[in-house]
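K.L.:
Sharing data-v7.pdb (PDB, C-alpha atoms) below.
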ATOM      1  CA  MET T   1     -17.871   4.752 -22.003
ATOM      2  CA  SER T   2     -14.398   4.892 -23.579
ATOM      3  CA  LEU T   3     -11.078   4.794 -21.795
ATOM      4  CA  SER T   4      -7.959   6.420 -23.194
ATOM      5  CA  VAL T   5      -4.697   4.508 -23.064
ATOM      6  CA  LYS T   6      -1.171   5.908 -23.216
ATOM      7  CA  SER T   7       1.119   4.893 -26.011
ATOM      8  CA  PRO T   8       4.133   2.695 -25.138
ATOM      9  CA  ARG T   9       6.414   5.522 -26.216
ATOM     10  CA  SER T  10       4.961   7.968 -23.677
ATOM     11  CA  LEU T  11       5.303   5.334 -20.962
ATOM     12  CA  ARG T  12       8.969   4.817 -21.775
ATOM     13  CA  CYS T  13       9.591   8.564 -21.682
ATOM     14  CA  LEU T  14       7.928   8.849 -18.280
ATOM     15  CA  TRP T  15       9.987   5.951 -16.949
ATOM     16  CA  ARG T  16      13.288   7.366 -18.299
ATOM     17  CA  GLY T  17      12.596  10.706 -16.615
ATOM     18  CA  TRP T  18      11.981   9.224 -13.201
ATOM     19  CA  ARG T  19      14.775   6.686 -13.562
ATOM     20  CA  GLY T  20      17.105   9.636 -14.106
ATOM     21  CA  LEU T  21      15.900  11.289 -10.928
ATOM     22  CA  SER T  22      16.420   8.063  -9.018
ATOM     23  CA  SER T  23      19.983   7.677 -10.250
ATOM     24  CA  GLN T  24      20.750  11.292  -9.310
ATOM     25  CA  GLY T  25      19.631  10.659  -5.765
ATOM     26  CA  GLY T  26      21.640   7.450  -5.474
ATOM     27  CA  VAL T  27      18.517   5.303  -5.035
ATOM     28  CA  MET T  28      18.783   1.687  -6.100
ATOM     29  CA  ASN T  29      15.939  -0.385  -7.519
ATOM     30  CA  VAL T  30      15.280  -3.000  -4.855
ATOM     31  CA  PHE T  31      12.866  -5.293  -6.673
ATOM     32  CA  ASP T  32      13.430  -7.166  -9.925
ATOM     33  CA  ARG T  33      10.152  -6.665 -11.787
ATOM     34  CA  SER T  34      10.513  -9.762 -13.970
ATOM     35  CA  MET T  35      11.222 -11.873 -10.883
ATOM     36  CA  LYS T  36       8.201 -10.422  -9.080
ATOM     37  CA  ARG T  37       6.043 -11.221 -12.091
ATOM     38  CA  ARG T  38       7.192 -14.840 -12.047
ATOM     39  CA  GLN T  39       6.616 -15.075  -8.309
ATOM     40  CA  LYS T  40       3.061 -13.764  -8.613
ATOM     41  CA  GLN T  41       2.361 -16.134 -11.482
ATOM     42  CA  TRP T  42       3.623 -19.060  -9.426
ATOM     43  CA  ALA T  43       1.769 -18.079  -6.245
ATOM     44  CA  SER T  44      -1.576 -17.473  -7.964
ATOM     45  CA  SER T  45      -1.358 -20.755  -9.857
ATOM     46  CA  LEU T  46      -1.078 -22.901  -6.709
ATOM     47  CA  LEU T  47      -4.055 -25.207  -6.249
ATOM     48  CA  ASP T  48      -4.400 -24.133  -2.603
ATOM     49  CA  SER T  49      -3.461 -20.477  -3.152
ATOM     50  CA  ASP T  50      -6.657 -19.233  -1.479
ATOM     51  CA  LYS T  51      -5.461 -20.477   1.925
ATOM     52  CA  TYR T  52      -2.616 -17.915   1.809
ATOM     53  CA  ASP T  53      -4.861 -14.928   0.998
ATOM     54  CA  TYR T  54      -6.148 -14.296   4.520
ATOM     55  CA  LEU T  55      -3.842 -11.342   5.214
ATOM     56  CA  ARG T  56      -4.517  -9.647   1.864
ATOM     57  CA  ASP T  57      -8.259 -10.197   2.338
ATOM     58  CA  GLU T  58      -8.134  -8.684   5.829
ATOM     59  CA  VAL T  59      -6.164  -5.631   4.742
ATOM     60  CA  GLY T  60      -8.372  -5.301   1.645
ATOM     61  CA  SER T  61     -11.421  -5.195   3.910
ATOM     62  CA  ARG T  62      -9.880  -2.487   6.106
ATOM     63  CA  LEU T  63      -8.873  -0.473   3.051
ATOM     64  CA  ALA T  64     -12.433  -0.756   1.697
ATOM     65  CA  ASP T  65     -13.694   0.664   5.010
ATOM     66  CA  ARG T  66     -11.641   3.779   4.303
ATOM     67  CA  VAL T  67     -13.246   4.054   0.868
ATOM     68  CA  TYR T  68     -16.677   4.032   2.538
ATOM     69  CA  ASP T  69     -15.491   6.734   4.968
ATOM     70  CA  VAL T  70     -15.081   9.153   2.052
ATOM     71  CA  SER T  71     -18.897   9.223   1.677
ATOM     72  CA  ARG T  72     -18.828   9.688  -2.059
ATOM     73  CA  THR T  73     -19.826   7.693  -5.117
ATOM     74  CA  PHE T  74     -17.000   6.968  -7.558
ATOM     75  CA  PRO T  75     -18.118   6.534 -11.193
ATOM     76  CA  LEU T  76     -14.771   5.033 -12.261
ATOM     77  CA  ALA T  77     -12.143   3.463  -9.983
ATOM     78  CA  LEU T  78      -8.794   1.766 -10.488
ATOM     79  CA  ASP T  79      -7.241  -1.018  -8.408
ATOM     80  CA  VAL T  80      -3.493  -1.048  -9.071
ATOM     81  CA  GLY T  81      -1.675  -4.354  -8.573
ATOM     82  CA  CYS T  82      -4.976  -5.929  -7.591
ATOM     83  CA  GLY T  83      -3.803  -9.537  -7.308
ATOM     84  CA  LYS T  84      -6.961 -11.601  -6.966
ATOM     85  CA  SER T  85      -9.010  -8.455  -6.303
ATOM     86  CA  HIS T  86      -8.786  -8.396  -2.514
ATOM     87  CA  ILE T  87     -10.334  -4.917  -2.248
ATOM     88  CA  ALA T  88     -13.179  -5.101  -4.759
ATOM     89  CA  GLU T  89     -14.949  -7.981  -3.034
ATOM     90  CA  HIS T  90     -15.567  -5.660  -0.065
ATOM     91  CA  LEU T  91     -16.990  -2.781  -2.134
ATOM     92  CA  SER T  92     -20.545  -2.255  -3.360
ATOM     93  CA  LYS T  93     -21.777  -0.931  -6.682
ATOM     94  CA  ASP T  94     -23.448   1.937  -4.809
ATOM     95  CA  ILE T  95     -19.968   3.263  -3.945
ATOM     96  CA  VAL T  96     -17.948   2.222  -7.019
ATOM     97  CA  GLU T  97     -19.958   2.134 -10.217
ATOM     98  CA  ARG T  98     -17.235   0.728 -12.470
ATOM     99  CA  LEU T  99     -13.833  -0.739 -11.657
ATOM    100  CA  PHE T 100     -10.641  -1.383 -13.609
ATOM    101  CA  LEU T 101      -8.295  -4.064 -12.260
ATOM    102  CA  THR T 102      -4.603  -4.098 -13.206
ATOM    103  CA  ASP T 103      -1.905  -6.602 -12.343
ATOM    104  CA  ILE T 104       1.326  -7.934 -13.827
ATOM    105  CA  SER T 105       0.077 -11.510 -13.440
ATOM    106  CA  ASP T 106      -2.566 -12.775 -15.857
ATOM    107  CA  SER T 107      -3.020 -15.786 -13.584
ATOM    108  CA  SER T 108      -4.057 -13.478 -10.711
ATOM    109  CA  LEU T 109      -6.548 -11.680 -12.929
ATOM    110  CA  ARG T 110      -8.053 -14.962 -14.112
ATOM    111  CA  ASN T 111      -8.459 -16.144 -10.510
ATOM    112  CA  ARG T 112      -9.876 -12.855  -9.218
ATOM    113  CA  LYS T 113     -12.647 -12.828  -6.646
ATOM    114  CA  LYS T 114     -16.199 -11.895  -7.567
ATOM    115  CA  CYS T 115     -17.586  -8.437  -6.845
ATOM    116  CA  GLU T 116     -20.810  -6.478  -7.374
ATOM    117  CA  MET T 117     -19.696  -3.804  -9.796
ATOM    118  CA  PRO T 118     -18.790  -4.187 -13.488
ATOM    119  CA  THR T 119     -15.042  -4.769 -13.862
ATOM    120  CA  GLN T 120     -12.508  -4.732 -16.651
ATOM    121  CA  CYS T 121      -9.083  -6.373 -16.357
ATOM    122  CA  VAL T 122      -5.903  -4.855 -17.777
ATOM    123  CA  LEU T 123      -2.624  -6.768 -17.758
ATOM    124  CA  ALA T 124      -0.104  -4.076 -16.831
ATOM    125  CA  ASP T 125       2.878  -3.398 -14.613
ATOM    126  CA  GLU T 126       1.998  -0.917 -11.856
ATOM    127  CA  GLU T 127       5.147   1.006 -12.784
ATOM    128  CA  PHE T 128       3.804   1.509 -16.326
ATOM    129  CA  LEU T 129       0.107   2.348 -15.994
ATOM    130  CA  PRO T 130      -1.383   2.463 -19.529
ATOM    131  CA  PHE T 131      -4.014   5.152 -18.891
ATOM    132  CA  LYS T 132      -4.329   8.810 -19.877
ATOM    133  CA  GLU T 133      -4.265  11.617 -17.330
ATOM    134  CA  ASN T 134      -7.409  12.655 -15.421
ATOM    135  CA  THR T 135      -9.250   9.370 -15.963
ATOM    136  CA  PHE T 136     -10.211   7.901 -12.571
ATOM    137  CA  ASP T 137     -12.154   9.202  -9.571
ATOM    138  CA  LEU T 138     -10.573   6.738  -7.145
ATOM    139  CA  CYS T 139      -7.374   4.748  -7.145
ATOM    140  CA  ALA T 140      -6.680   2.024  -4.589
ATOM    141  CA  VAL T 141      -3.431   0.142  -3.991
ATOM    142  CA  LEU T 142      -2.626  -2.789  -1.729
ATOM    143  CA  SER T 143       1.044  -3.554  -2.203
ATOM    144  CA  HIS T 144       4.563  -3.167  -0.802
ATOM    145  CA  ILE T 145       6.414  -3.852  -4.028
ATOM    146  CA  ILE T 146       7.598  -0.367  -4.965
ATOM    147  CA  ASN T 147      11.175  -0.057  -6.163
ATOM    148  CA  ASN T 148      12.086   2.893  -3.986
ATOM    149  CA  THR T 149      10.516   5.364  -1.592
ATOM    150  CA  LYS T 150      12.287   8.518  -2.748
ATOM    151  CA  TYR T 151      10.964   8.855  -6.303
ATOM    152  CA  PRO T 152       8.124   6.318  -6.502
ATOM    153  CA  VAL T 153       7.054   5.971 -10.109
ATOM    154  CA  VAL T 154       3.880   4.169  -9.052
ATOM    155  CA  VAL T 155       2.544   7.003  -6.879
ATOM    156  CA  VAL T 156       3.431   9.630  -9.486
ATOM    157  CA  GLN T 157       1.520   7.746 -12.171
ATOM    158  CA  ILE T 158      -1.451   7.282  -9.851
ATOM    159  CA  HIS T 159      -1.544  11.046  -9.363
ATOM    160  CA  GLN T 160      -1.507  11.539 -13.131
ATOM    161  CA  VAL T 161      -4.356   9.148 -13.929
ATOM    162  CA  LEU T 162      -6.599  10.554 -11.177
ATOM    163  CA  LYS T 163      -9.042  13.322 -12.013
ATOM    164  CA  PRO T 164      -8.710  16.598 -10.103
ATOM    165  CA  ASP T 165     -10.303  16.079  -6.667
ATOM    166  CA  GLY T 166      -9.772  12.340  -7.127
ATOM    167  CA  VAL T 167      -8.589  10.345  -4.133
ATOM    168  CA  PHE T 168      -5.802   7.815  -3.708
ATOM    169  CA  ILE T 169      -6.262   5.275  -0.904
ATOM    170  CA  GLY T 170      -3.456   2.810  -0.358
ATOM    171  CA  ALA T 171      -2.091   0.234   2.063
ATOM    172  CA  MET T 172       1.541  -0.798   2.348
ATOM    173  CA  VAL T 173       3.514  -3.113   4.582
ATOM    174  CA  GLY T 174       5.333  -1.008   7.194
ATOM    175  CA  GLY T 175       8.889  -1.106   8.492
ATOM    176  CA  GLU T 176       8.070  -2.991  11.714
ATOM    177  CA  THR T 177       6.616  -5.949   9.831
ATOM    178  CA  LEU T 178       7.886  -9.415  10.824
ATOM    179  CA  TYR T 179      10.202  -8.033  13.494
ATOM    180  CA  GLU T 180      10.068 -11.418  15.229
ATOM    181  CA  LEU T 181      11.397 -13.134  12.126
ATOM    182  CA  ARG T 182      14.024 -10.493  11.370
ATOM    183  CA  CYS T 183      15.389 -10.469  14.927
ATOM    184  CA  SER T 184      15.476 -14.264  15.029
ATOM    185  CA  LEU T 185      17.382 -14.468  11.768
ATOM    186  CA  GLN T 186      19.875 -11.828  12.858
ATOM    187  CA  LEU T 187      20.530 -13.451  16.232
ATOM    188  CA  ALA T 188      20.945 -16.867  14.652
ATOM    189  CA  GLU T 189      23.434 -15.612  12.076
ATOM    190  CA  LEU T 190      25.353 -13.604  14.656
ATOM    191  CA  GLU T 191      25.670 -16.738  16.757
ATOM    192  CA  ARG T 192      26.686 -19.037  13.915
ATOM    193  CA  GLU T 193      28.389 -16.753  11.396
ATOM    194  CA  GLY T 194      29.550 -13.772  13.439
ATOM    195  CA  GLY T 195      27.481 -11.388  11.301
ATOM    196  CA  PHE T 196      24.202 -11.177   9.420
ATOM    197  CA  ALA T 197      22.747 -10.178   6.078
ATOM    198  CA  PRO T 198      19.193  -9.048   5.237
ATOM    199  CA  HIS T 199      16.839 -11.884   4.256
ATOM    200  CA  ILE T 200      13.553  -9.950   4.091
ATOM    201  CA  SER T 201      12.532  -7.299   1.572
ATOM    202  CA  PRO T 202      12.851  -3.723   2.886
ATOM    203  CA  TYR T 203       9.622  -2.024   3.909
ATOM    204  CA  THR T 204       8.523   1.599   3.972
ATOM    205  CA  ALA T 205       8.802   3.633   7.189
ATOM    206  CA  VAL T 206       5.721   5.608   8.203
ATOM    207  CA  THR T 207       7.827   8.781   8.329
ATOM    208  CA  ASP T 208       8.451   8.458   4.575
ATOM    209  CA  LEU T 209       4.816   8.404   3.486
ATOM    210  CA  GLY T 210       3.985  12.094   3.882
ATOM    211  CA  ASN T 211       7.030  13.078   1.837
ATOM    212  CA  LEU T 212       6.273  10.346  -0.697
ATOM    213  CA  LEU T 213       2.725  11.579  -1.318
ATOM    214  CA  GLY T 214       3.652  15.251  -1.169
ATOM    215  CA  ARG T 215       6.389  14.859  -3.787
ATOM    216  CA  ALA T 216       3.905  13.159  -6.072
ATOM    217  CA  GLY T 217       1.568  16.185  -5.840
ATOM    218  CA  PHE T 218      -1.097  14.987  -3.392
ATOM    219  CA  ASN T 219      -2.550  17.182  -0.672
ATOM    220  CA  MET T 220      -4.911  16.780   2.340
ATOM    221  CA  LEU T 221      -2.861  13.767   3.394
ATOM    222  CA  THR T 222      -3.870  11.214   6.002
ATOM    223  CA  VAL T 223      -1.636   8.414   7.286
ATOM    224  CA  ASP T 224      -2.502   5.858   9.953
ATOM    225  CA  ILE T 225      -0.994   2.626  11.224
ATOM    226  CA  ASP T 226      -2.562  -0.731  11.964
ATOM    227  CA  GLU T 227      -1.160  -4.066  13.087
ATOM    228  CA  VAL T 228      -2.269  -7.565  12.221
ATOM    229  CA  GLN T 229      -0.754 -10.360  14.298
ATOM    230  CA  VAL T 230      -1.029 -13.905  13.026
ATOM    231  CA  HIS T 231      -0.469 -16.849  15.368
ATOM    232  CA  TYR T 232       0.881 -19.932  13.653
ATOM    233  CA  PRO T 233       0.714 -23.415  15.203
ATOM    234  CA  SER T 234       4.470 -23.880  14.785
ATOM    235  CA  MET T 235       7.543 -22.806  12.856
ATOM    236  CA  LEU T 236       6.655 -25.126   9.987
ATOM    237  CA  GLU T 237       3.509 -23.138   9.192
ATOM    238  CA  VAL T 238       5.454 -19.876   9.290
ATOM    239  CA  MET T 239       8.029 -21.276   6.888
ATOM    240  CA  ARG T 240       5.361 -22.581   4.567
ATOM    241  CA  ASP T 241       3.491 -19.274   4.657
ATOM    242  CA  LEU T 242       6.439 -16.942   4.233
ATOM    243  CA  GLN T 243       8.646 -19.253   2.166
ATOM    244  CA  GLY T 244      11.529 -18.395   4.482
ATOM    245  CA  LYS T 245      14.199 -20.309   6.375
ATOM    246  CA  LEU T 246      14.089 -19.837  10.140
ATOM    247  CA  PHE T 247      16.909 -20.739  12.490
ATOM    248  CA  ILE T 248      15.466 -19.682  15.860
ATOM    249  CA  PHE T 249      11.999 -18.282  16.387
ATOM    250  CA  GLU T 250      11.047 -19.793  19.766
ATOM    251  CA  MET T 251      12.063 -16.689  21.745
ATOM    252  CA  TYR T 252       8.807 -15.049  20.602
ATOM    253  CA  GLY T 253       6.692 -18.172  21.083
ATOM    254  CA  ASN T 254       3.441 -18.163  23.071
ATOM    255  CA  GLU T 255       2.655 -20.360  26.052
ATOM    256  CA  ASP T 256       0.444 -22.574  23.906
ATOM    257  CA  GLY T 257       3.355 -23.280  21.570
ATOM    258  CA  SER T 258       2.137 -21.041  18.743
ATOM    259  CA  VAL T 259       4.444 -18.602  16.974
ATOM    260  CA  PRO T 260       3.424 -14.951  16.345
ATOM    261  CA  ALA T 261       4.155 -12.949  13.212
ATOM    262  CA  THR T 262       3.294  -9.242  13.285
ATOM    263  CA  PHE T 263       2.428  -7.305  10.130
ATOM    264  CA  GLN T 264       2.471  -3.514  10.358
ATOM    265  CA  ILE T 265       0.118  -1.984   7.796
ATOM    266  CA  LEU T 266       0.416   1.665   6.746
ATOM    267  CA  TYR T 267      -2.712   3.252   5.290
ATOM    268  CA  MET T 268      -2.507   6.480   3.315
ATOM    269  CA  ILE T 269      -5.013   8.839   1.744
ATOM    270  CA  GLY T 270      -4.147  11.675  -0.605
ATOM    271  CA  TRP T 271      -6.215  13.950  -2.835
ATOM    272  CA  LYS T 272      -5.333  15.371  -6.225
ATOM    273  CA  PRO T 273      -5.638  19.151  -5.896
ATOM    274  CA  HIS T 274      -8.771  20.946  -7.082
ATOM    275  CA  GLU T 275      -9.986  24.519  -6.613
ATOM    276  CA  SER T 276     -13.065  23.326  -4.712
ATOM    277  CA  GLN T 277     -11.005  21.795  -1.902
ATOM    278  CA  ALA T 278     -10.620  23.515   1.444
ATOM    279  CA  LYS T 279      -7.443  25.563   1.714
ATOM    280  CA  PRO T 280      -5.451  26.549   4.818
ATOM    281  CA  ALA T 281      -5.944  30.087   6.094
ATOM    282  CA  LYS T 282      -3.344  32.661   5.119
ATOM    283  CA  ARG T 283      -0.507  33.278   7.538
ATOM    284  CA  GLY T 284      -1.376  36.070   9.975
ATOM    285  CA  SER T 285      -5.140  35.901   9.366
ATOM    286  CA  ALA T 286      -5.990  34.575  12.863
ATOM    287  CA  ASN T 287      -8.143  36.835  15.078
ATOM    288  CA  VAL T 288      -6.877  35.452  18.399
ATOM    289  CA  SER T 289      -3.248  35.557  19.542
ATOM    290  CA  PHE T 290      -1.459  32.884  21.534
ATOM    291  CA  ALA T 291      -1.181  35.387  24.386
ATOM    292  CA  ASP T 292      -4.977  35.711  24.530
ATOM    293  CA  LEU T 293      -5.388  31.947  24.461
ATOM    294  CA  SER T 294      -2.993  31.545  27.377
ATOM    295  CA  LYS T 295      -5.013  34.035  29.418
ATOM    296  CA  ILE T 296      -8.228  32.158  28.670
ATOM    297  CA  SER T 297      -6.679  28.853  29.723
ATOM    298  CA  LYS T 298      -5.771  30.325  33.129
ATOM    299  CA  LEU T 299      -9.344  31.400  33.982
ATOM    300  CA  PRO T 300     -10.953  29.348  36.812
ATOM    301  CA  THR T 301     -13.494  26.772  35.699
ATOM    302  CA  ASP T 302     -15.203  26.404  39.088
ATOM    303  CA  PRO T 303     -17.630  29.324  39.762
ATOM    304  CA  GLN T 304     -17.187  28.896  43.526
ATOM    305  CA  LYS T 305     -13.451  29.646  43.162
ATOM    306  CA  SER T 306     -13.958  32.801  41.100
TER     307      SER T 306
END
What's the structure tokens form of this structure?
P.N.:
Amino acid sequence: MSLSVKSPRSLRCLWRGWRGLSSQGGVMNVFDRSMKRRQKQWASSLLDSDKYDYLRDEVGSRLADRVYDVSRTFPLALDVGCGKSHIAEHLSKDIVERLFLTDISDSSLRNRKKCEMPTQCVLADEEFLPFKENTFDLCAVLSHIINNTKYPVVVVQIHQVLKPDGVFIGAMVGGETLYELRCSLQLAELEREGGFAPHISPYTAVTDLGNLLGRAGFNMLTVDIDEVQVHYPSMLEVMRDLQGKLFIFEMYGNEDGSVPATFQILYMIGWKPHESQAKPAKRGSANVSFADLSKISKLPTDPQKS
């Protein structure tokens, strides 16, 4: 089976078009892609890097559950920004027959987890997917590193590489993530400096997801929210895990001395349109009016009272 790949020129044209839209809307690029690449290279090369994968593995498992809920076999799937392949290890070859893994870090791809289905690795930035249109039956994403939420190049490209009636299933870190840490940092800086500055990357609000997917061309959208709370033995473990500097965090501490950190996870499902998909009924085609429904709701339900 062959796989078509876009030329670098077409990728640059696509990027210039969406970069222009972003600049028109006054949207800034939050993440430095080269810096993120270096960070992923560093993190995946740590000798004990597996001990920090528990959250990605947990969310990857929950995302895989949503793939199973579709009740369909996918001949060819794509995992965008796969890291160490935190989703694939939870999938079976009966559901996904063949899988492509992409990531900006070759170290992550080399250290990927084992899975049942045949896989092929492609070193690529998720903002420059090197695949032709209408290629994949399923695309999965587990990431929060998207430069903006108004014109997301990643989601647009995912829509392009999916076949008609293909499904996109993704998980992102939500806006309420690490509220304990953010509040602690803000209070500490207000107390010591008289003001505060953001120290944590911005996250996507759940209210943005429907618009994000709709603008990219997806329909039959589903969005749901989940929370994962991790209890650390002390502040030192939080600092080591998040690579952050904490000033006060005890106000959220548990009675046993542990420190909680809450991660809000946003799951989204969107389908690339196809003529076989169910369509909403035309406006005015209903056979029952709201007035009739209100009369029915007022009828007694107890036969003895009728």
K.L.:
Which residues are near Leu55 in chain T? Cut-off 9 Å, all atoms listed in the file, ignore same chain within fewer than 2 positions. Put them as a list in words.
P.N.:
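Listing them by chain and then by number gives Tyr52, Asp53, Asp57, Glu58, Val59, Gly60, Val228, Val230 and Phe263 of chain T.
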K.L.:
Quick one, how far is CA of Ser92 in chain T from CA of Asp65 in chain T?
P.N.:
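These two atoms are separated by 11.2 Å.
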K.L.:
I'd like to see the residues matched by the PyMOL selection byres ((chain T and resi 162) around 10) on this file, and ideally I'd get them as a PyMOL selection string.
P.N.:
chain T and resi 76-78+131-139+157-161+163-168+271-272
K.L.:
Apply the PyMOL selection byres ((chain T and resi 171) around 6) to the displayed file and report the matching residues as a list in words.
P.N.:
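Applying the PyMOL selection byres ((chain T and resi 171) around 6) to the structure shown produces Leu142, Gly170, Met172, Leu266 and Tyr267 of chain T.
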K.L.:
Looking at T:Asp226, T:His231, T:Val154, T:Leu99, which one is nearest to Glu180 in chain T, with distances taken over only C-alpha atoms?
P.N.:
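Among T:Asp226, T:His231, T:Val154, T:Leu99, it is T:His231 that comes nearest to Glu180 in chain T.
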K.L.:
At what distance in Å, to one decimal, does CA of Asp224 in chain T lie from CA of Tyr203 in chain T?
P.N.:
15.7 Å
K.L.:
Using only C-alpha atoms, can you tell me which of T:Leu213, T:Leu185, T:Val80, T:Val153 comes closest to Leu123 in chain T?
P.N.:
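Nearest to Leu123 in chain T: T:Val80.
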K.L.:
To one decimal place in Å, what is the distance between CA of Ala124 in chain T and CA of Arg38 in chain T?
P.N.:
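Computing the Euclidean distance for CA of Ala124 in chain T and CA of Arg38 in chain T yields 13.9 Å.
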K.L.:
Out of T:Ala88, T:Leu190, T:Val70, T:Leu63, which residue has the shortest atom-to-atom distance to Arg112 in chain T when counting all atoms listed in the file?
P.N.:
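Among the listed residues, the smallest separation from Arg112 in chain T belongs to T:Ala88.
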K.L.:
Could you pull the residues within 8 Å of Tyr232 in chain T, counting only C-alpha atoms, minus those fewer than 6 positions along the same chain, as a PyMOL selection string?
P.N.:
chain T and resi 238+258-261
K.L.:
Using all atoms listed in the file and a cutoff of 10 Å, can you tell me which residues are near (-3.5, 15.0, 0.8) in the file's coordinates, and write them out as a list in words?
P.N.:
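Output of the proximity query reads Val167, Phe168, Gly210, Leu213, Gly214, Gly217, Phe218, Asn219, Met220, Leu221, Thr222, Val223, Met268, Ile269, Gly270, Trp271, Lys272 and Pro273 of chain T.
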K.L.:
Might you pull out every residue within 7 Å of Val206 in chain T, with all atoms listed in the file counted and same-chain residues fewer than 2 positions away left off, and present them as a ChimeraX atom specification?
P.N.:
/T:174,204,208-209,266
K.L.:
Taking all listed atoms of range 282-286 of chain T, build the axis-aligned box, pad each of the six sides by 3 Å, then write its centre and edge lengths in Å to one decimal as AutoDock Vina command-line options.
P.N.:
--center_x -3.2 --center_y 34.4 --center_z 9.0 --size_x 11.5 --size_y 9.4 --size_z 13.7
K.L.:
May I ask which of the residues T:Ile104, T:Leu212, T:Ile169, T:Val155 is the closest one to Tyr68 in chain T, counting only C-alpha atoms?
P.N.:
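Counting only C-alpha atoms, the residue closest to Tyr68 in chain T is T:Ile169.
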K.L.:
Taking N, CA, C and O atoms as the atom set, what does range 176-187 of chain T look like once completed, written as a compact mmCIF listing (two decimals), in the frame of the given file?
P.N.:
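Final output, saved to rebuild15.txt:
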# COMPACT_ATOMS: atom_id res chain seq x y z
N GLU T 176 8.00 -2.11 10.54
CA GLU T 176 8.07 -2.99 11.71
C GLU T 176 7.50 -4.38 11.44
O GLU T 176 7.35 -5.18 12.36
N THR T 177 7.19 -4.65 10.19
CA THR T 177 6.62 -5.95 9.83
C THR T 177 7.61 -7.08 10.06
O THR T 177 8.79 -6.96 9.74
N LEU T 178 7.11 -8.19 10.61
CA LEU T 178 7.89 -9.41 10.82
C LEU T 178 9.14 -9.16 11.65
O LEU T 178 10.20 -9.73 11.40
N TYR T 179 9.02 -8.31 12.67
CA TYR T 179 10.20 -8.03 13.49
C TYR T 179 10.65 -9.29 14.25
O TYR T 179 11.84 -9.47 14.51
N GLU T 180 9.69 -10.17 14.56
CA GLU T 180 10.07 -11.42 15.23
C GLU T 180 10.98 -12.25 14.34
O GLU T 180 12.00 -12.79 14.78
N LEU T 181 10.61 -12.35 13.07
CA LEU T 181 11.40 -13.13 12.13
C LEU T 181 12.75 -12.49 11.88
O LEU T 181 13.79 -13.16 11.87
N ARG T 182 12.77 -11.18 11.67
CA ARG T 182 14.02 -10.49 11.37
C ARG T 182 15.01 -10.59 12.54
O ARG T 182 16.20 -10.84 12.34
N CYS T 183 14.51 -10.38 13.76
CA CYS T 183 15.39 -10.47 14.93
C CYS T 183 15.91 -11.89 15.11
O CYS T 183 17.08 -12.09 15.46
N SER T 184 15.06 -12.87 14.88
CA SER T 184 15.48 -14.26 15.03
C SER T 184 16.56 -14.63 14.02
O SER T 184 17.55 -15.28 14.36
N LEU T 185 16.38 -14.20 12.79
CA LEU T 185 17.38 -14.47 11.77
C LEU T 185 18.71 -13.79 12.09
O LEU T 185 19.79 -14.38 11.93
N GLN T 186 18.64 -12.56 12.54
CA GLN T 186 19.88 -11.83 12.86
C GLN T 186 20.62 -12.45 14.02
O GLN T 186 21.85 -12.62 13.98
N LEU T 187 19.88 -12.83 15.08
CA LEU T 187 20.53 -13.45 16.23
C LEU T 187 21.14 -14.80 15.87
O LEU T 187 22.24 -15.14 16.33
